[in-house]
$ cat protein17.cif   # mmCIF, C-alpha atoms
data_structure
loop_
_atom_site.group_PDB
_atom_site.id
_atom_site.type_symbol
_atom_site.label_atom_id
_atom_site.label_comp_id
_atom_site.auth_asym_id
_atom_site.auth_seq_id
_atom_site.Cartn_x
_atom_site.Cartn_y
_atom_site.Cartn_z
ATOM 1 C CA MET H 1 -8.330 4.664 9.410
ATOM 2 C CA LYS H 2 -6.132 6.134 6.721
ATOM 3 C CA ILE H 3 -5.221 4.317 3.530
ATOM 4 C CA ILE H 4 -2.138 5.201 1.478
ATOM 5 C CA ALA H 5 -1.032 3.394 -1.670
ATOM 6 C CA PHE H 6 2.587 3.002 -2.709
ATOM 7 C CA VAL H 7 2.687 2.941 -6.486
ATOM 8 C CA GLY H 8 5.456 2.690 -9.029
ATOM 9 C CA SER H 9 7.099 0.496 -11.592
ATOM 10 C CA SER H 10 7.946 -3.112 -10.895
ATOM 11 C CA GLU H 11 11.328 -3.308 -9.111
ATOM 12 C CA SER H 12 11.118 0.338 -7.979
ATOM 13 C CA GLY H 13 11.418 -0.676 -4.302
ATOM 14 C CA LYS H 14 7.809 -0.605 -3.086
ATOM 15 C CA THR H 15 7.950 -3.932 -1.208
ATOM 16 C CA ARG H 16 11.252 -3.146 0.498
ATOM 17 C CA LEU H 17 10.029 0.318 1.476
ATOM 18 C CA ILE H 18 6.758 -0.959 2.962
ATOM 19 C CA ALA H 19 8.571 -3.755 4.831
ATOM 20 C CA ARG H 20 10.814 -1.104 6.395
ATOM 21 C CA LEU H 21 7.902 1.270 7.147
ATOM 22 C CA VAL H 22 5.793 -1.284 9.050
ATOM 23 C CA PRO H 23 8.084 -1.552 12.125
ATOM 24 C CA GLU H 24 8.659 2.216 12.107
ATOM 25 C CA LEU H 25 4.916 2.900 12.226
ATOM 26 C CA LYS H 26 4.277 0.098 14.733
ATOM 27 C CA GLY H 27 6.991 1.641 16.920
ATOM 28 C CA ARG H 28 4.887 4.805 17.035
ATOM 29 C CA GLY H 29 1.989 2.827 18.519
ATOM 30 C CA LEU H 30 -0.053 2.612 15.312
ATOM 31 C CA GLY H 31 -2.057 -0.395 14.150
ATOM 32 C CA VAL H 32 -0.662 -1.146 10.678
ATOM 33 C CA SER H 33 -2.003 -3.469 7.978
ATOM 34 C CA VAL H 34 -0.744 -4.051 4.441
ATOM 35 C CA VAL H 35 -2.628 -4.978 1.276
ATOM 36 C CA LYS H 36 -0.870 -6.225 -1.843
ATOM 37 C CA HIS H 37 -2.994 -5.038 -4.763
ATOM 38 C CA CYS H 38 -2.818 -7.555 -7.596
ATOM 39 C CA GLY H 39 -4.228 -5.664 -10.542
ATOM 40 C CA HIS H 40 -3.748 -8.627 -12.872
ATOM 41 C CA GLY H 41 -5.251 -11.182 -10.473
ATOM 42 C CA PHE H 42 -3.561 -13.969 -8.541
ATOM 43 C CA ASP H 43 -3.770 -17.689 -7.908
ATOM 44 C CA PHE H 44 -3.409 -18.544 -4.240
ATOM 45 C CA GLY H 45 -1.948 -22.002 -4.103
ATOM 46 C CA GLY H 46 -2.460 -23.111 -7.687
ATOM 47 C CA GLY H 47 -5.116 -25.310 -9.213
ATOM 48 C CA ASP H 48 -3.855 -28.478 -7.559
ATOM 49 C CA LYS H 49 -4.158 -27.096 -4.002
ATOM 50 C CA ASP H 50 -7.200 -27.852 -1.857
ATOM 51 C CA SER H 51 -8.061 -24.157 -1.454
ATOM 52 C CA SER H 52 -8.279 -23.716 -5.235
ATOM 53 C CA LYS H 53 -10.359 -26.885 -5.572
ATOM 54 C CA PHE H 54 -12.855 -25.609 -2.980
ATOM 55 C CA LEU H 55 -13.207 -22.255 -4.759
ATOM 56 C CA ALA H 56 -13.558 -23.996 -8.124
ATOM 57 C CA ALA H 57 -16.304 -26.146 -6.597
ATOM 58 C CA GLY H 58 -18.259 -22.983 -5.844
ATOM 59 C CA ALA H 59 -17.414 -22.170 -2.205
ATOM 60 C CA ASP H 60 -18.049 -18.523 -1.365
ATOM 61 C CA GLY H 61 -14.965 -18.490 0.844
ATOM 62 C CA VAL H 62 -12.099 -20.669 2.008
ATOM 63 C CA ALA H 63 -9.990 -20.194 5.138
ATOM 64 C CA LEU H 64 -6.489 -21.538 5.622
ATOM 65 C CA ALA H 65 -5.343 -21.946 9.207
ATOM 66 C CA GLY H 66 -1.945 -22.957 10.486
ATOM 67 C CA PRO H 67 0.342 -22.268 13.416
ATOM 68 C CA GLY H 68 0.431 -18.500 13.863
ATOM 69 C CA ARG H 69 -1.184 -17.660 10.502
ATOM 70 C CA THR H 70 -4.549 -17.550 8.804
ATOM 71 C CA ALA H 71 -5.658 -16.575 5.334
ATOM 72 C CA VAL H 72 -9.167 -16.137 4.012
ATOM 73 C CA LEU H 73 -10.087 -16.284 0.355
ATOM 74 C CA ARG H 74 -13.498 -14.905 -0.578
ATOM 75 C CA ARG H 75 -15.220 -14.301 -3.830
ATOM 76 C CA ALA H 76 -15.291 -10.576 -4.479
ATOM 77 C CA ALA H 77 -18.726 -9.000 -4.392
ATOM 78 C CA GLU H 78 -19.809 -7.508 -7.689
ATOM 79 C CA GLY H 79 -18.700 -3.887 -7.790
ATOM 80 C CA ALA H 80 -16.799 -4.039 -4.488
ATOM 81 C CA GLY H 81 -13.621 -1.989 -4.604
ATOM 82 C CA LEU H 82 -10.311 -2.131 -2.830
ATOM 83 C CA GLU H 83 -11.412 0.407 -0.225
ATOM 84 C CA ASP H 84 -14.460 -1.758 0.618
ATOM 85 C CA LEU H 85 -12.161 -4.747 1.203
ATOM 86 C CA ILE H 86 -9.782 -2.732 3.365
ATOM 87 C CA ARG H 87 -12.530 -1.298 5.565
ATOM 88 C CA ARG H 88 -14.145 -4.738 5.995
ATOM 89 C CA GLU H 89 -10.956 -6.678 6.726
ATOM 90 C CA PHE H 90 -8.787 -4.081 8.477
ATOM 91 C CA GLY H 91 -11.311 -1.749 10.091
ATOM 92 C CA THR H 92 -9.356 -1.527 13.345
ATOM 93 C CA ALA H 93 -6.069 -0.466 11.723
ATOM 94 C CA ASP H 94 -4.863 3.103 12.118
ATOM 95 C CA ILE H 95 -3.165 2.981 8.729
ATOM 96 C CA VAL H 96 -3.278 0.564 5.812
ATOM 97 C CA LEU H 97 -0.375 0.564 3.384
ATOM 98 C CA VAL H 98 -1.323 -0.658 -0.073
ATOM 99 C CA GLU H 99 1.368 -1.944 -2.392
ATOM 100 C CA GLY H 100 0.062 -1.083 -5.844
ATOM 101 C CA GLY H 101 -3.362 0.292 -6.599
ATOM 102 C CA LYS H 102 -2.240 2.720 -9.284
ATOM 103 C CA SER H 103 -5.639 2.446 -11.002
ATOM 104 C CA GLU H 104 -7.652 2.946 -7.779
ATOM 105 C CA LEU H 105 -8.739 6.562 -8.239
ATOM 106 C CA ALA H 106 -9.903 7.212 -4.677
ATOM 107 C CA LEU H 107 -6.597 6.246 -3.019
ATOM 108 C CA ARG H 108 -4.041 8.751 -1.802
ATOM 109 C CA LYS H 109 -0.676 7.746 -3.237
ATOM 110 C CA VAL H 110 3.056 7.853 -2.622
ATOM 111 C CA GLU H 111 4.907 7.242 -5.874
ATOM 112 C CA VAL H 112 8.155 5.293 -5.646
ATOM 113 C CA LEU H 113 10.694 6.190 -8.329
ATOM 114 C CA ARG H 114 14.041 4.516 -8.972
ATOM 115 C CA ALA H 115 16.699 5.592 -11.466
ATOM 116 C CA GLY H 116 16.988 3.187 -14.384
ATOM 117 C CA ILE H 117 13.603 1.609 -13.520
ATOM 118 C CA SER H 118 11.091 4.470 -13.368
ATOM 119 C CA GLY H 119 10.431 7.303 -15.752
ATOM 120 C CA ASP H 120 8.504 10.442 -14.914
ATOM 121 C CA ILE H 121 5.872 10.862 -12.218
ATOM 122 C CA GLU H 122 2.702 9.075 -13.353
ATOM 123 C CA THR H 123 0.324 9.722 -10.448
ATOM 124 C CA ALA H 124 -2.332 12.380 -10.979
ATOM 125 C CA PRO H 125 -1.680 15.541 -8.931
ATOM 126 C CA GLY H 126 -4.941 15.203 -6.959
ATOM 127 C CA GLU H 127 -3.920 11.725 -5.756
ATOM 128 C CA LEU H 128 -0.179 12.289 -5.234
ATOM 129 C CA GLU H 129 0.712 12.877 -1.572
ATOM 130 C CA ALA H 130 4.488 12.326 -1.672
ATOM 131 C CA ILE H 131 7.319 10.775 -3.646
ATOM 132 C CA VAL H 132 10.118 8.415 -2.654
ATOM 133 C CA SER H 133 12.983 8.762 -5.111
ATOM 134 C CA ASP H 134 16.686 8.038 -5.289
ATOM 135 C CA ARG H 135 17.171 11.255 -7.266
ATOM 136 C CA PRO H 136 16.314 14.827 -6.228
ATOM 137 C CA LEU H 137 13.019 16.151 -7.563
ATOM 138 C CA ASP H 138 11.019 19.351 -7.348
ATOM 139 C CA ALA H 139 7.503 17.949 -7.361
ATOM 140 C CA GLY H 140 5.301 20.223 -5.254
ATOM 141 C CA VAL H 141 4.816 17.426 -2.686
ATOM 142 C CA PRO H 142 7.172 16.047 -0.031
ATOM 143 C CA VAL H 143 10.035 14.023 -1.554
ATOM 144 C CA PHE H 144 11.886 11.413 0.491
ATOM 145 C CA SER H 145 14.911 9.318 -0.385
ATOM 146 C CA PRO H 146 14.549 5.521 0.024
ATOM 147 C CA ASP H 147 16.828 5.789 3.074
ATOM 148 C CA GLN H 148 14.569 8.310 4.840
ATOM 149 C CA VAL H 149 12.273 5.632 6.266
ATOM 150 C CA LYS H 150 12.058 7.231 9.719
ATOM 151 C CA GLU H 151 11.236 10.622 8.205
ATOM 152 C CA LEU H 152 8.628 9.087 5.895
ATOM 153 C CA ALA H 153 7.092 7.231 8.855
ATOM 154 C CA ASP H 154 7.018 10.493 10.848
ATOM 155 C CA TRP H 155 5.265 12.215 7.942
ATOM 156 C CA LEU H 156 2.780 9.364 7.491
ATOM 157 C CA ALA H 157 2.056 9.195 11.219
ATOM 158 C CA GLY H 158 1.562 12.951 11.427
ATOM 159 C CA ALA H 159 0.355 14.302 8.118
ATOM 160 C CA ILE H 160 -1.579 11.301 6.866
ATOM 161 C CA VAL H 161 -2.857 9.606 10.015
ATOM 162 C CA THR H 162 -3.594 12.473 12.385
ATOM 163 C CA GLY H 163 -3.775 15.636 10.373
ATOM 164 C CA PRO H 164 -4.407 17.370 7.089
ATOM 165 C CA LYS H 165 -2.386 16.952 3.943
ATOM 166 C CA ALA H 166 1.210 18.114 4.331
ATOM 167 C CA ARG H 167 2.147 21.318 2.569
ATOM 168 C CA PRO H 168 4.591 20.978 -0.323
ATOM 169 C CA GLY H 169 8.155 20.975 0.884
ATOM 170 C CA SER H 170 7.373 19.758 4.396
ATOM 171 C CA GLY H 171 8.434 16.457 5.918
ATOM 172 C CA GLY H 172 11.103 15.434 3.486
ATOM 173 C CA ARG H 173 13.511 16.750 0.941
ATOM 174 C CA SER H 174 11.858 18.804 -1.755
#
$ encode --input "protein17.cif" --output "structure tokens"
Amino acid sequence: MKIIAFVGSSESGKTRLIARLVPELKGRGLGVSVVKHCGHGFDFGGGDKDSSKFLAAGADGVALAGPGRTAVLRRAAEGAGLEDLIRREFGTADIVLVEGGKSELALRKVEVLRAGISGDIETAPGELEAIVSDRPLDAGVPVFSPDQVKELADWLAGAIVTGPKARPGSGGRS
């Protein structure tokens, strides 16, 4: 399983990009899962919902089940990281796309930049695998435009999932 995080400023286009990548990768026969990293926490359902009441009462986990969907809420183990969660919950996936995770040092990252929203590249060179940007850049890693979803999926399916890191300038526009 390969894990790649899509990082960038709020409103940079990460959600839209991932939503467009999923069917492209699935169309290549890959098992694809997505994790939304909520660095500031989240409240699933609010304090007045049954699931929140059960967790507040001390339950170690709560499952929600409905037609065609399930969700499981568990208390995080002390010291467990995002990669631990991904491997436990999505161990059969070929690739897991993480939206967010900028602070997760072990994750390989694609930074999403958008004119008027994003500034300079913020991802450390050792973690940066590629960039998606609506403006041309010379970054030493593959650079894709937001409209190059098929090309980005090809690169992810090849370079990230089945092979070594892509060389700078390969797979997209540099």
$ closest_residue --input "protein17.cif" --among "H:Lys49, H:Arg69, H:Arg108, H:Lys102" --to "Leu128 in chain H" --atoms "all atoms listed in the file"
H:Arg108
$ resolve_selection --input "protein17.cif" --expression "the PyMOL selection byres ((chain H and resi 24-33) around 10)" --output "PDB file with C-alpha atoms, keeping the file's coordinate frame"
ATOM      1  CA  MET H   1      -8.330   4.664   9.410  1.00  0.00           C
ATOM      2  CA  LYS H   2      -6.132   6.134   6.721  1.00  0.00           C
ATOM      3  CA  ILE H   3      -5.221   4.317   3.530  1.00  0.00           C
ATOM      4  CA  ILE H  18       6.758  -0.959   2.962  1.00  0.00           C
ATOM      5  CA  ALA H  19       8.571  -3.755   4.831  1.00  0.00           C
ATOM      6  CA  ARG H  20      10.814  -1.104   6.395  1.00  0.00           C
ATOM      7  CA  LEU H  21       7.902   1.270   7.147  1.00  0.00           C
ATOM      8  CA  VAL H  22       5.793  -1.284   9.050  1.00  0.00           C
ATOM      9  CA  PRO H  23       8.084  -1.552  12.125  1.00  0.00           C
ATOM     10  CA  VAL H  34      -0.744  -4.051   4.441  1.00  0.00           C
ATOM     11  CA  VAL H  35      -2.628  -4.978   1.276  1.00  0.00           C
ATOM     12  CA  ILE H  86      -9.782  -2.732   3.365  1.00  0.00           C
ATOM     13  CA  GLU H  89     -10.956  -6.678   6.726  1.00  0.00           C
ATOM     14  CA  PHE H  90      -8.787  -4.081   8.477  1.00  0.00           C
ATOM     15  CA  GLY H  91     -11.311  -1.749  10.091  1.00  0.00           C
ATOM     16  CA  THR H  92      -9.356  -1.527  13.345  1.00  0.00           C
ATOM     17  CA  ALA H  93      -6.069  -0.466  11.723  1.00  0.00           C
ATOM     18  CA  ASP H  94      -4.863   3.103  12.118  1.00  0.00           C
ATOM     19  CA  ILE H  95      -3.165   2.981   8.729  1.00  0.00           C
ATOM     20  CA  VAL H  96      -3.278   0.564   5.812  1.00  0.00           C
ATOM     21  CA  LEU H  97      -0.375   0.564   3.384  1.00  0.00           C
ATOM     22  CA  VAL H  98      -1.323  -0.658  -0.073  1.00  0.00           C
ATOM     23  CA  VAL H 149      12.273   5.632   6.266  1.00  0.00           C
ATOM     24  CA  LYS H 150      12.058   7.231   9.719  1.00  0.00           C
ATOM     25  CA  GLU H 151      11.236  10.622   8.205  1.00  0.00           C
ATOM     26  CA  LEU H 152       8.628   9.087   5.895  1.00  0.00           C
ATOM     27  CA  ALA H 153       7.092   7.231   8.855  1.00  0.00           C
ATOM     28  CA  ASP H 154       7.018  10.493  10.848  1.00  0.00           C
ATOM     29  CA  LEU H 156       2.780   9.364   7.491  1.00  0.00           C
ATOM     30  CA  ALA H 157       2.056   9.195  11.219  1.00  0.00           C
ATOM     31  CA  VAL H 161      -2.857   9.606  10.015  1.00  0.00           C
TER      32      VAL H 161
END
$ atom_distance --input "protein17.cif" --atom1 "CA of Ile131 in chain H" --atom2 "CA of Arg114 in chain H"
10.6 Å
$ atom_distance --input "protein17.cif" --atom1 "CA of Asp134 in chain H" --atom2 "CA of Ala115 in chain H"
6.6 Å
$ closest_residue --input "protein17.cif" --among "H:Asp48, H:Glu11, H:Glu104, H:Glu99" --to "Leu82 in chain H" --atoms "all atoms listed in the file"
H:Glu104
$ axis_aligned_box --input "protein17.cif" --around "range 145-159 of chain H" --padding-each-side "5 Å" --output "lines of an AutoDock Vina configuration file"
center_x = 8.6
center_y = 9.9
center_z = 5.5
size_x = 26.5
size_y = 18.8
size_z = 21.8
$ resolve_selection --input "protein17.cif" --expression "the PyMOL selection byres ((chain H and resi 55-60) around 6)" --output "list in words"
Ser52, Lys53, Phe54, Gly61, Arg74 and Arg75 of chain H
$ closest_residue --input "protein17.cif" --among "H:Ala124, H:Val112, H:Ala63, H:Ala139" --to "Thr15 in chain H" --atoms "all atoms listed in the file"
H:Val112
$ atom_distance --input "protein17.cif" --atom1 "CA of Gly100 in chain H" --atom2 "CA of Pro67 in chain H"
28.6 Å
$ closest_residue --input "protein17.cif" --among "H:Leu113, H:Leu107, H:Val62, H:Ile121" --to "Ser145 in chain H" --atoms "all atoms listed in the file"
H:Leu113
$ closest_residue --input "protein17.cif" --among "H:Asp138, H:Lys109, H:Val72, H:Ser103" --to "Gly126 in chain H" --atoms "only C-alpha atoms"
H:Lys109
